[in-house]
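First comes the structure, then the notes that go with it.
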Amino acid sequence: MKIAIIGAGFSGCNLYNNLKEKYQDITIFEKSRGVGGRISTKYIEDKFIDYGTSSIIPITDDLKFFCLDLAKNGVVKSKYDEFIPKNGINNICKFLIDEKSLVTNTRIEKIIKKNEKWFLEDTNHKIFGDFDLLFLTIPAPQILQMDIELPDNFKNKLLDIKYDSTFSLILYSDENIKLDENKIYENKNVKDIINNSKKYAYKDFSSYVIHSTKEFANNLNELTKEEIHQIFLKTFENETSKELENFKQIPHLWKYAFAKNSLDMPYFFDKELKLGICGDYFSHNNLEASLLSSEFLGNLNL
Ligand SMILES: Cc1cc2nc3c(=O)[nH]c(=O)nc-3n(C[C@H](O)[C@H](O)[C@H](O)COP(=O)(O)OP(=O)(O)OC[C@H]3O[C@@H](n4cnc5c(N)ncnc54)[C@H](O)[C@@H]3O)c2cc1C
């Protein structure tokens, strides 16, 4: 059985992890340079900056047990009710898959079924095939952007799923400098500040990630991240802007950051079509949903 998974975020990697015992021929296609999706890490030489999900605070026992297993394997460490990555949060995804199965820098834009097999086409018109089973683990709007024929009843469900956006400003410096976080929080467009260097306790390196509110990012999410960056900087008072200039800055737009709603089903699977879909918009709308949705789908009798 030849299997294709689209998306190497937490859902895609955990799906792989659940399928790998039974199936040997699995390929994961990822549009970015590496794994992680929204649990992602930027590498500045040997330093890590987590700029999506920053740590995990499980709500359910399922995610807690999953994190305890990660802790046992040295991927995260536990501190009270929180699980903190040891060497970059995207290592959670690396831990779940065999990197030999991963094809990066490959955005799939067209999917067709021919003679009972799935064929994928990327943006460079390169064709990948012939797969017996196809799994989509990307946010609902990104599935709808692909050229793929889906059953009408399910396509209509996907159309209902909406996401909030977040603009994230990554700040870093080779010097040990501190941000006045209280001042940053005075900006009503700021939702959260993560002191990333504290998490990893670097000596001569500081890094922070400032996450915007959804209201700020939802209004601007059709602009480029560079354009949003300039608008974001202008919303700070002069003195604070100057302080931000002490850091090197990398802007990032999460167009599909948080699912606003979810489907009342744990996953989608069509046995005849040989198509499965899972993600953070099944049953709940968070990391817990990604975990359970990919786990249930990966343990089906395919
Ligand atoms: C800033 C931020 C903070 C967050 N904090 C929390 C938190 O504290 N707790 C919580 O529960 N959740 C949090 N979340 C949400 C959580 O990160 C997501 O629910 C979860 O990571 C979703 O994983 P996923 O694999 O379903 O989707 P994604 O992570 O989006 O993975 C999808 C992958 O598919 C790839 N892809 C997309 N389209 C294509 C294509 N056409 N071809 C190939 N590859 C493609 C993408 O590049 C991506 O790697 C946060 C999200 C953000 C942005």
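Lettering and numbering for the structure tokens are positional, with chains as A, B, ... in the shown order, residues counted from 1 in each chain, and ligands counted from 1 in the shown order.
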Could you list, as an MDAnalysis selection string, all the residues within 7 Å of ligand 1, counting only C-alpha atoms and all ligand atoms?
chainID A and resid 6:12 29:32 35:39 51:57 106:109 137:139 142 146 166 168 211 254 257:258 279:280 285:288 290
Do a neighbour search on A:Ile26 at 9 Å with only C-alpha atoms, toss out local chain neighbours closer than 5 positions, and write the hits as a list in words.
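The neighbour list is Met1, Lys2, Ile3, Ala4, Ile5, Tyr16, Leu19, Lys20, Ser101 and Leu102 of chain A.
The smallest atom-to-atom distance between A:Ile277 and any of A:Phe83, A:Phe205, A:Phe135, A:Phe154, using only C-alpha atoms, is found for A:Phe135.
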Can you list, as a PDB file with C-alpha atoms, in the first residue's frame, all residues belonging to stretch 39-201 of chain A that DSSP tags as alpha helix (DSSP H)?
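Once everything was written out, this is result-v5.pdb:
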```
ATOM      1  CA  ASP A  61      -5.203  13.395  29.504  1.00  0.00           C
ATOM      2  CA  ASP A  62      -4.614  12.286  25.896  1.00  0.00           C
ATOM      3  CA  LEU A  63      -2.311  15.230  25.209  1.00  0.00           C
ATOM      4  CA  LYS A  64      -0.782  14.953  28.679  1.00  0.00           C
ATOM      5  CA  PHE A  65       0.191  11.288  28.122  1.00  0.00           C
ATOM      6  CA  PHE A  66       1.505  12.155  24.687  1.00  0.00           C
ATOM      7  CA  CYS A  67       3.684  14.911  26.224  1.00  0.00           C
ATOM      8  CA  LEU A  68       4.885  12.617  29.021  1.00  0.00           C
ATOM      9  CA  ASP A  69       6.103  10.232  26.344  1.00  0.00           C
ATOM     10  CA  LEU A  70       7.900  13.115  24.591  1.00  0.00           C
ATOM     11  CA  ALA A  71       9.484  14.004  27.949  1.00  0.00           C
ATOM     12  CA  LYS A  72      10.635  10.407  28.433  1.00  0.00           C
ATOM     13  CA  ASN A  91      11.583  18.609  17.166  1.00  0.00           C
ATOM     14  CA  ILE A  92       8.253  17.140  18.305  1.00  0.00           C
ATOM     15  CA  CYS A  93       7.382  16.678  14.627  1.00  0.00           C
ATOM     16  CA  LYS A  94      10.892  15.453  13.757  1.00  0.00           C
ATOM     17  CA  PHE A  95      10.581  12.861  16.512  1.00  0.00           C
ATOM     18  CA  LEU A  96       7.331  11.499  15.032  1.00  0.00           C
ATOM     19  CA  ALA A 140      -9.558  23.537   5.654  1.00  0.00           C
ATOM     20  CA  PRO A 141      -9.168  26.741   3.559  1.00  0.00           C
ATOM     21  CA  GLN A 142      -5.876  25.419   2.143  1.00  0.00           C
ATOM     22  CA  ILE A 143      -7.601  22.182   1.059  1.00  0.00           C
ATOM     23  CA  LEU A 144     -10.211  24.262  -0.756  1.00  0.00           C
ATOM     24  CA  GLN A 145      -7.464  26.257  -2.507  1.00  0.00           C
ATOM     25  CA  ASP A 152     -20.027  17.706  -2.226  1.00  0.00           C
ATOM     26  CA  ASN A 153     -21.397  17.097   1.285  1.00  0.00           C
ATOM     27  CA  PHE A 154     -17.907  17.200   2.791  1.00  0.00           C
ATOM     28  CA  LYS A 155     -16.765  20.177   0.696  1.00  0.00           C
ATOM     29  CA  ASN A 156     -19.682  22.166   2.117  1.00  0.00           C
ATOM     30  CA  LYS A 157     -18.584  21.308   5.655  1.00  0.00           C
ATOM     31  CA  LEU A 158     -15.037  22.519   4.906  1.00  0.00           C
ATOM     32  CA  LEU A 159     -16.428  25.814   3.614  1.00  0.00           C
ATOM     33  CA  ASP A 160     -17.865  26.474   7.099  1.00  0.00           C
ATOM     34  CA  GLU A 181       7.296  43.783  28.285  1.00  0.00           C
ATOM     35  CA  ASN A 182       4.836  45.996  30.222  1.00  0.00           C
ATOM     36  CA  LYS A 183       5.395  48.785  27.729  1.00  0.00           C
ATOM     37  CA  ILE A 184       4.843  46.424  24.774  1.00  0.00           C
ATOM     38  CA  TYR A 185       1.582  45.204  26.329  1.00  0.00           C
ATOM     39  CA  ASN A 196      12.087  32.810  24.101  1.00  0.00           C
ATOM     40  CA  SER A 197      15.666  33.178  25.389  1.00  0.00           C
ATOM     41  CA  LYS A 198      14.438  32.615  28.940  1.00  0.00           C
ATOM     42  CA  LYS A 199      12.995  29.290  27.819  1.00  0.00           C
ATOM     43  CA  TYR A 200      16.362  28.148  26.465  1.00  0.00           C
TER      44      TYR A 200
END
```
Proximity to A:Ser294 - best of A:Leu273, A:Ile59, A:Ile250, A:Asn17, only C-alpha atoms
A:Asn17
